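Working notes, structure below.
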Amino acid sequence: MNDALSSSSPSPARRLRERLEQPGIIRSFAPHDVFTARVLEQAGIELLFLGGFGVSASMLGLPDVGLTTLTEMAEAVRRMTSRLTVPLIADGDNGHGELQNVARTVREFEQAGAAGMLLEDQVSPKRCGHFSGKQVVPVEQWLDKLKRALDTRRNPDFVLIARTDARAVEGLDAAIERAGRAADIGADLCFVEAPRSSDELRQIARAVPGPQLANMLPGGVTPICSADDLQEMGFRIVVDPVATLLATGFVIRQLAGAMRQTGRVDQLRDSMLSFDEVKQVLGLAEFLE
């Protein structure tokens, strides 16, 4: 846990639960590295996610098709939480295997400082929720994994988000039914991935009991809705899972073009942090003291 937090401070999971009890939708991002997470936290974002897409892209340079291991994800969580004070939710994919693997995933993420995790119902190897060709396991198998995750957590405040990808495979009604069953067995939040219209988002918010998460991926199959609209529908968390990666790639491509064309990049300084701002984000003054 971040050294800035005293031992008497509430755990990140407790602070997340307290925030979920307050009114207003939680606006979140999924940073792809620790520097990006620091920038987001200092900009006022109160909850962060560590997604498999960002880790696979930034750490391995590979697509999100189930190539990232549990140990790689847990280490990425540990690096990020050590430099954050806001809660971080980690992507547990499908638990990285069977029931014993699910239990280990929960333990590793708790020890790494995560405030919670997502657990989905895809087969192995899984893939990004907005890629084609997804497949899901039988619902009872997924529910068994969720039960094992709930039974394994040592901190009762550790938040478990049940994610179903069944919309693309079995249809909307089946996805809603799966999410409802996950809520019935004690999942803290439910997340129906990749609905295809704002009407489907409204149906999900009405039909699934308990708090829910909405995933707003630019270029994905779900239409982008504002946080205010999602709050009006009934969602509790909205997260953009890839925007930091998209923005970073765009600016770096601009930098490369400027260097090739003019031999300098200072003309793009309005699109960049200053060096002083970077030192501030990294907390240089704390170390010099």
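Chain identifiers are assigned as A, B, and so on, following the order in which chains appear in the structure tokens; residues are numbered from 1 within each chain, and ligands are numbered from 1 in order of appearance.
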- prompt: So which bits of stretch 68-251 of chain A end up strand (DSSP E) when you DSSP the backbone, as a PyMOL selection string?
  reply: chain A and resi 88-91+116-120+159-164+189-192+213-215+237-240
task: Pull the alpha helix (DSSP H) assignments for stretch 177-257 of chain A out of DSSP run on the backbone, and list those residues as a VMD selection string.
output: chain A and resid 177 to 184 198 to 207 227 to 233 243 to 257
Write the residues of the preceding selection, restricted to N, CA and C atoms, as a tab-separated table (two decimals), in the first residue's frame.
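And here's part_21.tsv as it stands now:
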```
chain	number	residue	atom	x	y	z
A	177	GLU	N	-29.93	-12.47	-17.41
A	177	GLU	CA	-30.21	-13.55	-16.46
A	177	GLU	C	-28.93	-13.95	-15.72
A	178	ARG	N	-27.81	-14.05	-16.44
A	178	ARG	CA	-26.54	-14.39	-15.79
A	178	ARG	C	-26.17	-13.34	-14.75
A	179	ALA	N	-26.27	-12.07	-15.12
A	179	ALA	CA	-25.91	-11.01	-14.18
A	179	ALA	C	-26.80	-11.04	-12.95
A	180	GLY	N	-28.09	-11.30	-13.15
A	180	GLY	CA	-29.01	-11.38	-12.03
A	180	GLY	C	-28.66	-12.51	-11.08
A	181	ARG	N	-28.26	-13.65	-11.63
A	181	ARG	CA	-27.88	-14.78	-10.79
A	181	ARG	C	-26.59	-14.48	-10.03
A	182	ALA	N	-25.69	-13.75	-10.67
A	182	ALA	CA	-24.46	-13.35	-9.98
A	182	ALA	C	-24.77	-12.43	-8.80
A	183	ALA	N	-25.70	-11.49	-9.02
A	183	ALA	CA	-26.10	-10.61	-7.92
A	183	ALA	C	-26.75	-11.40	-6.80
A	184	ASP	N	-27.52	-12.41	-7.14
A	184	ASP	CA	-28.23	-13.20	-6.13
A	184	ASP	C	-27.27	-13.95	-5.21
A	198	SER	N	-28.20	2.10	-26.63
A	198	SER	CA	-28.58	2.75	-25.38
A	198	SER	C	-29.83	2.11	-24.80
A	199	ASP	N	-30.71	1.59	-25.65
A	199	ASP	CA	-31.88	0.88	-25.15
A	199	ASP	C	-31.47	-0.38	-24.39
A	200	GLU	N	-30.46	-1.09	-24.88
A	200	GLU	CA	-29.99	-2.26	-24.17
A	200	GLU	C	-29.37	-1.87	-22.82
A	201	LEU	N	-28.64	-0.76	-22.80
A	201	LEU	CA	-28.10	-0.28	-21.53
A	201	LEU	C	-29.22	-0.02	-20.53
A	202	ARG	N	-30.29	0.60	-20.98
A	202	ARG	CA	-31.42	0.88	-20.09
A	202	ARG	C	-32.07	-0.41	-19.60
A	203	GLN	N	-32.22	-1.38	-20.49
A	203	GLN	CA	-32.80	-2.66	-20.08
A	203	GLN	C	-31.95	-3.33	-19.01
A	204	ILE	N	-30.66	-3.31	-19.20
A	204	ILE	CA	-29.74	-3.93	-18.25
A	204	ILE	C	-29.85	-3.24	-16.89
A	205	ALA	N	-29.84	-1.90	-16.91
A	205	ALA	CA	-29.90	-1.15	-15.65
A	205	ALA	C	-31.20	-1.42	-14.90
A	206	ARG	N	-32.30	-1.60	-15.64
A	206	ARG	CA	-33.59	-1.85	-15.00
A	206	ARG	C	-33.70	-3.28	-14.49
A	207	ALA	N	-33.16	-4.24	-15.25
A	207	ALA	CA	-33.45	-5.65	-14.99
A	207	ALA	C	-32.49	-6.31	-14.01
A	227	ALA	N	-21.65	10.27	-18.62
A	227	ALA	CA	-21.80	9.80	-17.24
A	227	ALA	C	-23.15	10.21	-16.67
A	228	ASP	N	-23.61	11.42	-17.00
A	228	ASP	CA	-24.90	11.87	-16.50
A	228	ASP	C	-26.04	11.00	-17.02
A	229	ASP	N	-25.97	10.64	-18.31
A	229	ASP	CA	-27.02	9.77	-18.88
A	229	ASP	C	-26.99	8.39	-18.24
A	230	LEU	N	-25.79	7.86	-18.02
A	230	LEU	CA	-25.67	6.54	-17.40
A	230	LEU	C	-26.16	6.57	-15.96
A	231	GLN	N	-25.88	7.65	-15.26
A	231	GLN	CA	-26.39	7.79	-13.89
A	231	GLN	C	-27.91	7.81	-13.89
A	232	GLU	N	-28.49	8.53	-14.85
A	232	GLU	CA	-29.95	8.58	-14.94
A	232	GLU	C	-30.54	7.20	-15.22
A	233	MET	N	-29.80	6.37	-15.98
A	233	MET	CA	-30.26	5.00	-16.25
A	233	MET	C	-30.19	4.14	-14.99
A	243	ALA	N	-8.89	4.69	-23.26
A	243	ALA	CA	-8.65	6.05	-23.78
A	243	ALA	C	-7.23	6.53	-23.51
A	244	THR	N	-6.64	6.18	-22.36
A	244	THR	CA	-5.27	6.63	-22.09
A	244	THR	C	-4.30	6.03	-23.10
A	245	LEU	N	-4.53	4.79	-23.48
A	245	LEU	CA	-3.67	4.15	-24.48
A	245	LEU	C	-3.87	4.78	-25.85
A	246	LEU	N	-5.12	5.06	-26.21
A	246	LEU	CA	-5.40	5.68	-27.50
A	246	LEU	C	-4.77	7.07	-27.59
A	247	ALA	N	-4.93	7.86	-26.53
A	247	ALA	CA	-4.39	9.21	-26.53
A	247	ALA	C	-2.86	9.20	-26.57
A	248	THR	N	-2.25	8.30	-25.82
A	248	THR	CA	-0.80	8.21	-25.81
A	248	THR	C	-0.26	7.84	-27.19
A	249	GLY	N	-0.87	6.85	-27.82
A	249	GLY	CA	-0.44	6.45	-29.15
A	249	GLY	C	-0.57	7.58	-30.17
A	250	PHE	N	-1.66	8.35	-30.06
A	250	PHE	CA	-1.88	9.45	-31.00
A	250	PHE	C	-0.80	10.52	-30.86
A	251	VAL	N	-0.52	10.94	-29.63
A	251	VAL	CA	0.47	11.99	-29.41
A	251	VAL	C	1.87	11.52	-29.79
A	252	ILE	N	2.22	10.27	-29.47
A	252	ILE	CA	3.54	9.77	-29.83
A	252	ILE	C	3.70	9.74	-31.35
A	253	ARG	N	2.65	9.39	-32.05
A	253	ARG	CA	2.72	9.40	-33.52
A	253	ARG	C	2.93	10.82	-34.04
A	254	GLN	N	2.29	11.81	-33.39
A	254	GLN	CA	2.53	13.20	-33.76
A	254	GLN	C	3.98	13.60	-33.51
A	255	LEU	N	4.53	13.18	-32.39
A	255	LEU	CA	5.93	13.50	-32.07
A	255	LEU	C	6.87	12.91	-33.11
A	256	ALA	N	6.62	11.66	-33.49
A	256	ALA	CA	7.47	11.02	-34.49
A	256	ALA	C	7.39	11.76	-35.82
A	257	GLY	N	6.19	12.19	-36.21
A	257	GLY	CA	6.05	12.92	-37.46
A	257	GLY	C	6.77	14.25	-37.43
```
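Separating atom CA of A:Thr81 from atom CA of A:Glu46 is a distance of 13.4 Å.
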field: Point-to-point distance from atom CA of A:Ser28 to atom CA of A:Gly186, Å rounded to tenths
entry: 23.2 Å
Each residue of stretch 31-120 of chain A lying at most 12 Å from stretch 190-193 of chain A should get a row with its shortest atom-to-atom pair and the distance in Å to one decimal, counting only C-alpha atoms; could you produce that, ordered by chain and increasing number, as a Markdown table?
```
| residue | atom | partner | partner_atom | distance |
| --- | --- | --- | --- | --- |
| A:Met117 | CA | A:Cys190 | CA | 11.5 |
| A:Leu118 | CA | A:Phe191 | CA | 8.7 |
| A:Leu119 | CA | A:Phe191 | CA | 9.6 |
| A:Glu120 | CA | A:Phe191 | CA | 8.9 |
```
Could the residues in this selection be saved with C-alpha atoms as a PDB file, in the first residue's frame?
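What follows is the written file again08.pdb:
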```pdb
ATOM      1  CA  MET A 117     -11.433  -7.368  -9.042  1.00  0.00           C
ATOM      2  CA  LEU A 118     -13.523  -8.322 -12.046  1.00  0.00           C
ATOM      3  CA  LEU A 119     -14.267 -11.972 -12.783  1.00  0.00           C
ATOM      4  CA  GLU A 120     -15.757 -12.869 -16.157  1.00  0.00           C
TER       5      GLU A 120
END
```
message: Need the shell around A:Asn101: protein/DNA/RNA residues with any atom at most 10 Å away, counting only C-alpha atoms. Skip same-chain ones fewer than 4 positions apart. Format as number ranges by chain?
response: A: 70, 94-97, 105-107, 145, 148-149
Can you write out the residues you just picked, keeping N, CA and C atoms, as a JSON list (two decimals), in the first residue's frame?
```json
[["chain", "number", "residue", "atom", "x", "y", "z"],
["A", 70, "LEU", "N", -1.29, -14.43, -14.59],
["A", 70, "LEU", "CA", -1.68, -13.92, -13.28],
["A", 70, "LEU", "C", -0.52, -13.20, -12.60],
["A", 94, "ASN", "N", -10.83, -14.46, -16.43],
["A", 94, "ASN", "CA", -11.72, -15.57, -16.05],
["A", 94, "ASN", "C", -11.19, -16.34, -14.85],
["A", 95, "GLY", "N", -10.31, -15.69, -14.07],
["A", 95, "GLY", "CA", -9.74, -16.34, -12.90],
["A", 95, "GLY", "C", -8.46, -17.10, -13.20],
["A", 96, "HIS", "N", -8.01, -17.02, -14.47],
["A", 96, "HIS", "CA", -6.76, -17.67, -14.90],
["A", 96, "HIS", "C", -6.79, -19.18, -14.70],
["A", 97, "GLY", "N", -7.97, -19.78, -14.83],
["A", 97, "GLY", "CA", -8.05, -21.23, -14.73],
["A", 97, "GLY", "C", -9.29, -21.69, -14.01],
["A", 105, "THR", "N", -5.98, -16.05, -7.61],
["A", 105, "THR", "CA", -6.10, -14.71, -8.18],
["A", 105, "THR", "C", -6.59, -13.72, -7.13],
["A", 106, "VAL", "N", -7.60, -14.09, -6.37],
["A", 106, "VAL", "CA", -8.11, -13.22, -5.31],
["A", 106, "VAL", "C", -7.01, -12.93, -4.29],
["A", 107, "ARG", "N", -6.31, -13.96, -3.85],
["A", 107, "ARG", "CA", -5.26, -13.76, -2.84],
["A", 107, "ARG", "C", -4.14, -12.87, -3.36],
["A", 145, "LYS", "N", -17.19, -20.14, -9.79],
["A", 145, "LYS", "CA", -15.99, -19.32, -9.67],
["A", 145, "LYS", "C", -16.27, -18.08, -8.82],
["A", 148, "ARG", "N", -16.37, -19.11, -5.22],
["A", 148, "ARG", "CA", -15.04, -19.35, -4.68],
["A", 148, "ARG", "C", -14.32, -18.03, -4.42],
["A", 149, "ALA", "N", -14.48, -17.06, -5.32],
["A", 149, "ALA", "CA", -13.85, -15.75, -5.11],
["A", 149, "ALA", "C", -14.39, -15.07, -3.86]]
```
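In this comparison, which uses only C-alpha atoms, the residue of A:His130, A:Arg27, A:His32, A:Arg19 approaching A:Ala57 most closely is A:His32.
Among the candidates A:Pro138, A:Gly116, A:Pro63, A:Pro218, the residue lying nearest to A:Ala194 is A:Pro218 (atoms considered: only C-alpha atoms).
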query: Contacts of A:Ala168 at 9 Å or less, counting only C-alpha atoms, minus same-chain residues fewer than 4 places along, as JSON, numbers by chain?
result: {"A": [129, 132, 133, 134, 135, 172, 175, 193, 194, 195]}
query: Smallest atom-to-atom distance to A:Glu75: which of A:Glu21, A:Asp151, A:Asp121, A:Asp33, using only C-alpha atoms?
result: A:Asp33
